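In what follows, a structure is listed as C-alpha cells, so that the remarks can point back to it.
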Amino acid sequence: MEKREQLYEGKAKKVFATDDPGLLIVSYKDDATAFNGQKRGTIEGKGIINNRMSNRLMRLLEKQGVPTHFVEELSERDTLVKKVGIIPLEVIVRNIAAGSFSRNYGVVEGTPLLSPTLEFSYKNDSLGDPLINGSHVLGLGLATREELVTIRNLALRIDEILKHFWASCGVTLVDFKLEFGRLPDGTVILADEISPDTCRLWDSATGQKLDKDRFRRDLGGVEEAYREIMERLEKSMEAMK
Ligand code: ADP
Ligand code: UDP
C-alpha cells in the first residue's frame with residue numbers, strides 16, 4: 001500500500017490517503033510539542049520508537065479483544081490504519097496522580113488513586129482542550145450515550161491490560177490518553193497512538209520518568225528514556241512469545 005496525498009499534518013504525525021478509501025497511512029515524526037504547542041522541539045528517533053511501540057501495544061490489545069485501527073506496519077515510521085471519524089475527545093485514564101490532576105485537585109504527584117480515574121477533554125486546540133464531563137459530551141453531541149458507554153468500558157479494559165503488561169517491564173503505568181473513532185458502520189475502535197508521548201511511564205523501582213515529561217519538564221535524557229522504555233517493551237514481549 002502506498003502513500004497518496006497528505007491529508008493532514010499534526011504535531012507528531014502526518015496522515016496520508018491510500019488507494020483504499022477505508023485505509024490511511026500515518027507517518028510518525030520526531031517533532032515534539034508541549035503545553036498546547038507553546039514548547040517545541042525535536043526528540044531524535046522518537047517517531048521510530050512511537051510507531052513501533054504503538055503498533056506492538058495495539059496488537060497486544062487486539063489479542064485481548066480490544067478493537068483498534070492497527071492494520072500493518074509498513075516501515076520504521078509508517079503504519080497502515082483503518083480510517084475512522086475521530087471522536088473529538090482525549091480520553092484520559094489515571095492510576096496515579098500526576099500532571100494536571102495533581103494541579104487541579106491538590107494531590108501530591110505520585111499518590112496512588114483508590115480506583116482508576118477517567119476524564120475527558122474536548123479535543124480542540126483553539127480552546128486549549130478543556131476538561132469536560134459525560135453530560136457535556138452528550139450536550140455538545142460529541143458522542144452518543146451508547147458510544148460513551150463503549151468508550152468508558154474500552155478505556156478501563158485497556159488500562160487493565162496495559163497496567164499488567166507494563167508491570168512485566170518493571171514500569172508503572174501512571175496515566176495515559178486515548179482517542180477513539182467510528183468506522184463507517186458505526187463501530188467504535190481505538191485510534192491514534194499509545195506511546196511515551198501519550199502515557200506517563202515510571203520505573204517501578206526508582207520512579208524515574210521514562211516518557212515525554214522529560215521533554216516537558218526539561219529533565220534531560222529524553223532520547224535515552226525513549227530508547228530505554230522501548231527496550232523494556234521489546235524484552236518483555238520477547239519473553240511472552
Ligand atoms: P494532533 O492532531 O493532535 O497534532 P497528531 O500529530 O498525532 O496529532 O496527528 C494525527 C491525527 O490523526 C490526529 O488528529 C488524530 O486524531 C488523527 N487520527 C489518528 N488515528 C486516526 C485514524 N485511524 N483515522 C483518522 N484519523 C486518525
Ligand atoms: N496527554 C496527551 N495529550 C494531551 C494531554 C495529555 O497525550 O494533549 C497525556 C499525557 O501524556 C499524560 C496524560 O495524558 O499521560 C494526562 O495528562 P495531564 O492532563 O496530566 O497533562 P499535563 O497537563 O500534565 O500535560
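Letters A, B, ... go to the chains of the C-alpha cells in the order shown; residues in each chain start at 1; ligands are counted from 1 in the same order.
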With DSSP run on the backbone, what are the strand (DSSP E or B) residues within region 35-214 of chain A? I'd like them as a PyMOL selection string.
chain A and resi 39-42+68+70-73+78-82+85-86+89-96+112-122+131-132+171-182+188-191+199-203+209
Find the residues of chain A that sit at most 6 Å from ligand 1; for each, write down the nearest two atoms and how far apart they are in Å, to one decimal. Count only C-alpha atoms and all ligand atoms. Sort by chain, then by number going up, and give it as a tab-separated table.
residue	atom	partner	partner_atom_place_in_ligand_line	distance
A:Gly10	CA	ligand 1	6 (O)	3.2
A:Lys11	CA	ligand 1	4 (O)	3.6
A:Ala12	CA	ligand 1	6 (O)	3.5
A:Lys13	CA	ligand 1	6 (O)	3.8
A:His69	CA	ligand 1	23 (N)	5.2
A:Val81	CA	ligand 1	23 (N)	5.4
A:Lys82	CA	ligand 1	23 (N)	5.1
A:Lys83	CA	ligand 1	24 (N)	3.8
A:Val84	CA	ligand 1	24 (N)	4.0
A:Gly85	CA	ligand 1	25 (C)	5.8
A:Ile86	CA	ligand 1	26 (N)	5.7
A:Ala191	CA	ligand 1	20 (N)	4.5
A:Asp192	CA	ligand 1	19 (C)	3.5
Please identify all protein, DNA and RNA residues within 6 Å of ligand 2, counting only C-alpha atoms and all ligand atoms, and report them as a list in words.
Ile92, Ala98, Gly99, Ser100, Phe101, Asp175, Phe176, Lys177, Asp197, Thr198, Cys199 and Arg200 of chain A
So which one's closest to Asn104 (chain A), A:Leu201, A:Leu131, A:Ala155, A:Val137? Using only C-alpha atoms, please.
A:Leu131
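Nearest to Gly37 (chain A) of all the residues A:Arg216, A:Arg232, A:Lys163, A:Lys241 is A:Arg216, counting only C-alpha atoms.
Considering the residues A:Arg227, A:Arg94, A:Arg59, A:Arg77 and counting only C-alpha atoms, Lys14 (chain A) has its shortest atom-to-atom contact with A:Arg77.
Between CA of Asp203 (chain A) and CA of Ala225 (chain A) there is a distance of 10.3 Å.
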Judged by only C-alpha atoms, the minimum distance to Gly134 (chain A) among A:Met237, A:Val149, A:Val26, A:Ala17 is found for A:Val149
May I have the residues within 9 Å of Lys123 (chain A) as a ChimeraX atom specification, using only C-alpha atoms and disregarding those fewer than 2 positions away in the same chain?
/A:87-90,120-121,125,127-130
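Among A:Ile229, A:Val71, A:Met240, A:Val171, the residue with the shortest atom-to-atom distance to Lys46 (chain A), counting only C-alpha atoms, is A:Ile229.
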DSSP on the backbone, helix (DSSP H, G or I) only: what residues of region 19-174 of chain A does that give? Format it as a PDB file with N, CA and C atoms, in the first residue's frame.
ATOM      1  N   LYS A  46      12.348   9.590  17.986  1.00  0.00           N
ATOM      2  CA  LYS A  46      11.053   9.386  18.654  1.00  0.00           C
ATOM      3  C   LYS A  46      10.002   8.766  17.731  1.00  0.00           C
ATOM      4  N   GLY A  47       9.959   9.245  16.483  1.00  0.00           N
ATOM      5  CA  GLY A  47       8.937   8.754  15.557  1.00  0.00           C
ATOM      6  C   GLY A  47       9.057   7.246  15.342  1.00  0.00           C
ATOM      7  N   ILE A  48      10.295   6.789  15.250  1.00  0.00           N
ATOM      8  CA  ILE A  48      10.539   5.351  15.025  1.00  0.00           C
ATOM      9  C   ILE A  48      10.065   4.558  16.245  1.00  0.00           C
ATOM     10  N   ILE A  49      10.399   5.059  17.420  1.00  0.00           N
ATOM     11  CA  ILE A  49      10.025   4.361  18.660  1.00  0.00           C
ATOM     12  C   ILE A  49       8.504   4.395  18.850  1.00  0.00           C
ATOM     13  N   ASN A  50       7.887   5.561  18.660  1.00  0.00           N
ATOM     14  CA  ASN A  50       6.438   5.649  18.894  1.00  0.00           C
ATOM     15  C   ASN A  50       5.653   4.787  17.916  1.00  0.00           C
ATOM     16  N   ASN A  51       6.104   4.748  16.672  1.00  0.00           N
ATOM     17  CA  ASN A  51       5.436   3.917  15.666  1.00  0.00           C
ATOM     18  C   ASN A  51       5.481   2.457  16.101  1.00  0.00           C
ATOM     19  N   ARG A  52       6.695   1.991  16.422  1.00  0.00           N
ATOM     20  CA  ARG A  52       6.882   0.587  16.812  1.00  0.00           C
ATOM     21  C   ARG A  52       6.095   0.250  18.072  1.00  0.00           C
ATOM     22  N   MET A  53       6.220   1.140  19.070  1.00  0.00           N
ATOM     23  CA  MET A  53       5.590   0.858  20.361  1.00  0.00           C
ATOM     24  C   MET A  53       4.062   0.848  20.239  1.00  0.00           C
ATOM     25  N   SER A  54       3.531   1.828  19.562  1.00  0.00           N
ATOM     26  CA  SER A  54       2.085   1.912  19.424  1.00  0.00           C
ATOM     27  C   SER A  54       1.557   0.666  18.713  1.00  0.00           C
ATOM     28  N   ASN A  55       2.263   0.239  17.678  1.00  0.00           N
ATOM     29  CA  ASN A  55       1.811  -0.949  16.935  1.00  0.00           C
ATOM     30  C   ASN A  55       1.873  -2.202  17.799  1.00  0.00           C
ATOM     31  N   ARG A  56       2.965  -2.362  18.566  1.00  0.00           N
ATOM     32  CA  ARG A  56       3.088  -3.537  19.452  1.00  0.00           C
ATOM     33  C   ARG A  56       1.960  -3.540  20.485  1.00  0.00           C
ATOM     34  N   LEU A  57       1.698  -2.373  21.065  1.00  0.00           N
ATOM     35  CA  LEU A  57       0.671  -2.313  22.125  1.00  0.00           C
ATOM     36  C   LEU A  57      -0.727  -2.522  21.545  1.00  0.00           C
ATOM     37  N   MET A  58      -0.972  -1.990  20.358  1.00  0.00           N
ATOM     38  CA  MET A  58      -2.302  -2.192  19.751  1.00  0.00           C
ATOM     39  C   MET A  58      -2.508  -3.666  19.408  1.00  0.00           C
ATOM     40  N   ARG A  59      -1.422  -4.333  18.960  1.00  0.00           N
ATOM     41  CA  ARG A  59      -1.538  -5.760  18.655  1.00  0.00           C
ATOM     42  C   ARG A  59      -1.851  -6.554  19.922  1.00  0.00           C
ATOM     43  N   LEU A  60      -1.190  -6.175  21.009  1.00  0.00           N
ATOM     44  CA  LEU A  60      -1.457  -6.816  22.304  1.00  0.00           C
ATOM     45  C   LEU A  60      -2.918  -6.616  22.720  1.00  0.00           C
ATOM     46  N   LEU A  61      -3.416  -5.411  22.530  1.00  0.00           N
ATOM     47  CA  LEU A  61      -4.805  -5.119  22.889  1.00  0.00           C
ATOM     48  C   LEU A  61      -5.770  -5.912  22.008  1.00  0.00           C
ATOM     49  N   GLU A  62      -5.474  -5.965  20.707  1.00  0.00           N
ATOM     50  CA  GLU A  62      -6.326  -6.737  19.769  1.00  0.00           C
ATOM     51  C   GLU A  62      -6.445  -8.185  20.230  1.00  0.00           C
ATOM     52  N   LYS A  63      -5.291  -8.757  20.618  1.00  0.00           N
ATOM     53  CA  LYS A  63      -5.273 -10.159  21.066  1.00  0.00           C
ATOM     54  C   LYS A  63      -6.202 -10.359  22.243  1.00  0.00           C
ATOM     55  N   GLY A  99       0.648  15.441  36.929  1.00  0.00           N
ATOM     56  CA  GLY A  99       0.312  16.476  35.953  1.00  0.00           C
ATOM     57  C   GLY A  99      -0.888  17.308  36.345  1.00  0.00           C
ATOM     58  N   SER A 100      -1.816  17.476  35.389  1.00  0.00           N
ATOM     59  CA  SER A 100      -2.945  18.386  35.621  1.00  0.00           C
ATOM     60  C   SER A 100      -3.853  17.886  36.747  1.00  0.00           C
ATOM     61  N   PHE A 101      -3.917  16.555  36.947  1.00  0.00           N
ATOM     62  CA  PHE A 101      -4.744  16.023  38.038  1.00  0.00           C
ATOM     63  C   PHE A 101      -4.212  16.505  39.388  1.00  0.00           C
ATOM     64  N   SER A 102      -2.898  16.432  39.545  1.00  0.00           N
ATOM     65  CA  SER A 102      -2.287  16.883  40.800  1.00  0.00           C
ATOM     66  C   SER A 102      -2.530  18.380  41.008  1.00  0.00           C
ATOM     67  N   ARG A 103      -2.371  19.141  39.909  1.00  0.00           N
ATOM     68  CA  ARG A 103      -2.580  20.601  39.996  1.00  0.00           C
ATOM     69  C   ARG A 103      -4.036  20.929  40.286  1.00  0.00           C
ATOM     70  N   ASN A 104      -4.966  20.310  39.543  1.00  0.00           N
ATOM     71  CA  ASN A 104      -6.382  20.672  39.665  1.00  0.00           C
ATOM     72  C   ASN A 104      -6.973  20.290  41.019  1.00  0.00           C
ATOM     73  N   TYR A 105      -6.550  19.135  41.540  1.00  0.00           N
ATOM     74  CA  TYR A 105      -7.231  18.607  42.731  1.00  0.00           C
ATOM     75  C   TYR A 105      -6.355  18.618  43.974  1.00  0.00           C
ATOM     76  N   ASP A 125      -7.791  22.403  19.854  1.00  0.00           N
ATOM     77  CA  ASP A 125      -6.575  23.170  20.167  1.00  0.00           C
ATOM     78  C   ASP A 125      -6.873  24.637  20.457  1.00  0.00           C
ATOM     79  N   SER A 126      -7.819  25.248  19.707  1.00  0.00           N
ATOM     80  CA  SER A 126      -8.033  26.688  19.913  1.00  0.00           C
ATOM     81  C   SER A 126      -8.680  26.962  21.270  1.00  0.00           C
ATOM     82  N   LEU A 127      -9.355  25.962  21.837  1.00  0.00           N
ATOM     83  CA  LEU A 127      -9.931  26.139  23.186  1.00  0.00           C
ATOM     84  C   LEU A 127      -8.980  25.621  24.266  1.00  0.00           C
ATOM     85  N   GLY A 134     -19.251  13.768  31.067  1.00  0.00           N
ATOM     86  CA  GLY A 134     -20.109  12.977  30.184  1.00  0.00           C
ATOM     87  C   GLY A 134     -21.322  13.747  29.687  1.00  0.00           C
ATOM     88  N   SER A 135     -21.910  14.590  30.547  1.00  0.00           N
ATOM     89  CA  SER A 135     -23.098  15.316  30.094  1.00  0.00           C
ATOM     90  C   SER A 135     -22.719  16.406  29.089  1.00  0.00           C
ATOM     91  N   HIS A 136     -21.506  16.973  29.224  1.00  0.00           N
ATOM     92  CA  HIS A 136     -21.027  17.892  28.182  1.00  0.00           C
ATOM     93  C   HIS A 136     -20.909  17.150  26.846  1.00  0.00           C
ATOM     94  N   VAL A 137     -20.379  15.923  26.916  1.00  0.00           N
ATOM     95  CA  VAL A 137     -20.180  15.129  25.692  1.00  0.00           C
ATOM     96  C   VAL A 137     -21.517  14.926  24.987  1.00  0.00           C
ATOM     97  N   LEU A 138     -22.556  14.586  25.773  1.00  0.00           N
ATOM     98  CA  LEU A 138     -23.894  14.366  25.205  1.00  0.00           C
ATOM     99  C   LEU A 138     -24.496  15.686  24.732  1.00  0.00           C
ATOM    100  N   GLY A 139     -24.390  16.712  25.548  1.00  0.00           N
ATOM    101  CA  GLY A 139     -24.978  18.021  25.233  1.00  0.00           C
ATOM    102  C   GLY A 139     -24.368  18.634  23.981  1.00  0.00           C
ATOM    103  N   ARG A 145     -24.926   8.357  23.890  1.00  0.00           N
ATOM    104  CA  ARG A 145     -24.910   7.678  25.183  1.00  0.00           C
ATOM    105  C   ARG A 145     -24.296   6.273  25.055  1.00  0.00           C
ATOM    106  N   GLU A 146     -24.677   5.563  23.998  1.00  0.00           N
ATOM    107  CA  GLU A 146     -24.159   4.202  23.774  1.00  0.00           C
ATOM    108  C   GLU A 146     -22.657   4.247  23.507  1.00  0.00           C
ATOM    109  N   GLU A 147     -22.242   5.223  22.708  1.00  0.00           N
ATOM    110  CA  GLU A 147     -20.805   5.340  22.409  1.00  0.00           C
ATOM    111  C   GLU A 147     -20.009   5.646  23.677  1.00  0.00           C
ATOM    112  N   LEU A 148     -20.591   6.486  24.538  1.00  0.00           N
ATOM    113  CA  LEU A 148     -19.910   6.836  25.786  1.00  0.00           C
ATOM    114  C   LEU A 148     -19.693   5.597  26.655  1.00  0.00           C
ATOM    115  N   VAL A 149     -20.734   4.737  26.716  1.00  0.00           N
ATOM    116  CA  VAL A 149     -20.623   3.504  27.498  1.00  0.00           C
ATOM    117  C   VAL A 149     -19.485   2.653  26.924  1.00  0.00           C
ATOM    118  N   THR A 150     -19.459   2.520  25.590  1.00  0.00           N
ATOM    119  CA  THR A 150     -18.407   1.737  24.934  1.00  0.00           C
ATOM    120  C   THR A 150     -17.030   2.327  25.236  1.00  0.00           C
ATOM    121  N   ILE A 151     -16.907   3.643  25.112  1.00  0.00           N
ATOM    122  CA  ILE A 151     -15.616   4.308  25.329  1.00  0.00           C
ATOM    123  C   ILE A 151     -15.138   4.085  26.765  1.00  0.00           C
ATOM    124  N   ARG A 152     -16.055   4.265  27.724  1.00  0.00           N
ATOM    125  CA  ARG A 152     -15.671   4.075  29.135  1.00  0.00           C
ATOM    126  C   ARG A 152     -15.210   2.636  29.372  1.00  0.00           C
ATOM    127  N   ASN A 153     -15.991   1.668  28.869  1.00  0.00           N
ATOM    128  CA  ASN A 153     -15.647   0.254  29.089  1.00  0.00           C
ATOM    129  C   ASN A 153     -14.317  -0.095  28.436  1.00  0.00           C
ATOM    130  N   LEU A 154     -14.131   0.366  27.191  1.00  0.00           N
ATOM    131  CA  LEU A 154     -12.874   0.057  26.494  1.00  0.00           C
ATOM    132  C   LEU A 154     -11.689   0.706  27.209  1.00  0.00           C
ATOM    133  N   ALA A 155     -11.858   1.949  27.630  1.00  0.00           N
ATOM    134  CA  ALA A 155     -10.745   2.667  28.277  1.00  0.00           C
ATOM    135  C   ALA A 155     -10.303   1.938  29.547  1.00  0.00           C
ATOM    136  N   LEU A 156     -11.259   1.470  30.332  1.00  0.00           N
ATOM    137  CA  LEU A 156     -10.908   0.789  31.587  1.00  0.00           C
ATOM    138  C   LEU A 156     -10.304  -0.590  31.309  1.00  0.00           C
ATOM    139  N   ARG A 157     -10.805  -1.254  30.277  1.00  0.00           N
ATOM    140  CA  ARG A 157     -10.251  -2.557  29.884  1.00  0.00           C
ATOM    141  C   ARG A 157      -8.804  -2.378  29.389  1.00  0.00           C
ATOM    142  N   ILE A 158      -8.583  -1.339  28.595  1.00  0.00           N
ATOM    143  CA  ILE A 158      -7.236  -1.042  28.090  1.00  0.00           C
ATOM    144  C   ILE A 158      -6.303  -0.765  29.261  1.00  0.00           C
ATOM    145  N   ASP A 159      -6.794  -0.028  30.254  1.00  0.00           N
ATOM    146  CA  ASP A 159      -5.979   0.255  31.446  1.00  0.00           C
ATOM    147  C   ASP A 159      -5.558  -1.043  32.125  1.00  0.00           C
ATOM    148  N   GLU A 160      -6.491  -1.980  32.291  1.00  0.00           N
ATOM    149  CA  GLU A 160      -6.170  -3.265  32.946  1.00  0.00           C
ATOM    150  C   GLU A 160      -5.076  -4.001  32.179  1.00  0.00           C
ATOM    151  N   ILE A 161      -5.245  -4.079  30.855  1.00  0.00           N
ATOM    152  CA  ILE A 161      -4.295  -4.824  30.016  1.00  0.00           C
ATOM    153  C   ILE A 161      -2.916  -4.144  30.041  1.00  0.00           C
ATOM    154  N   LEU A 162      -2.905  -2.821  29.875  1.00  0.00           N
ATOM    155  CA  LEU A 162      -1.622  -2.118  29.784  1.00  0.00           C
ATOM    156  C   LEU A 162      -0.904  -2.051  31.135  1.00  0.00           C
ATOM    157  N   LYS A 163      -1.672  -1.866  32.214  1.00  0.00           N
ATOM    158  CA  LYS A 163      -1.055  -1.855  33.565  1.00  0.00           C
ATOM    159  C   LYS A 163      -0.300  -3.155  33.789  1.00  0.00           C
ATOM    160  N   HIS A 164      -0.980  -4.237  33.470  1.00  0.00           N
ATOM    161  CA  HIS A 164      -0.418  -5.575  33.657  1.00  0.00           C
ATOM    162  C   HIS A 164       0.820  -5.756  32.784  1.00  0.00           C
ATOM    163  N   PHE A 165       0.725  -5.355  31.515  1.00  0.00           N
ATOM    164  CA  PHE A 165       1.867  -5.503  30.617  1.00  0.00           C
ATOM    165  C   PHE A 165       3.060  -4.668  31.097  1.00  0.00           C
ATOM    166  N   TRP A 166       2.819  -3.393  31.414  1.00  0.00           N
ATOM    167  CA  TRP A 166       3.941  -2.534  31.816  1.00  0.00           C
ATOM    168  C   TRP A 166       4.564  -3.024  33.122  1.00  0.00           C
ATOM    169  N   ALA A 167       3.747  -3.604  34.000  1.00  0.00           N
ATOM    170  CA  ALA A 167       4.308  -4.152  35.253  1.00  0.00           C
ATOM    171  C   ALA A 167       5.340  -5.239  34.924  1.00  0.00           C
TER     172      ALA A 167
END
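The shortest atom-to-atom distance to Gly221 (chain A), with only C-alpha atoms taken into account, belongs to A:Glu44 out of A:Ser204, A:Glu44, A:Lys235, A:Leu74.
The coordinates place CA of Phe215 (chain A) at 9.3 Å from CA of Thr42 (chain A).
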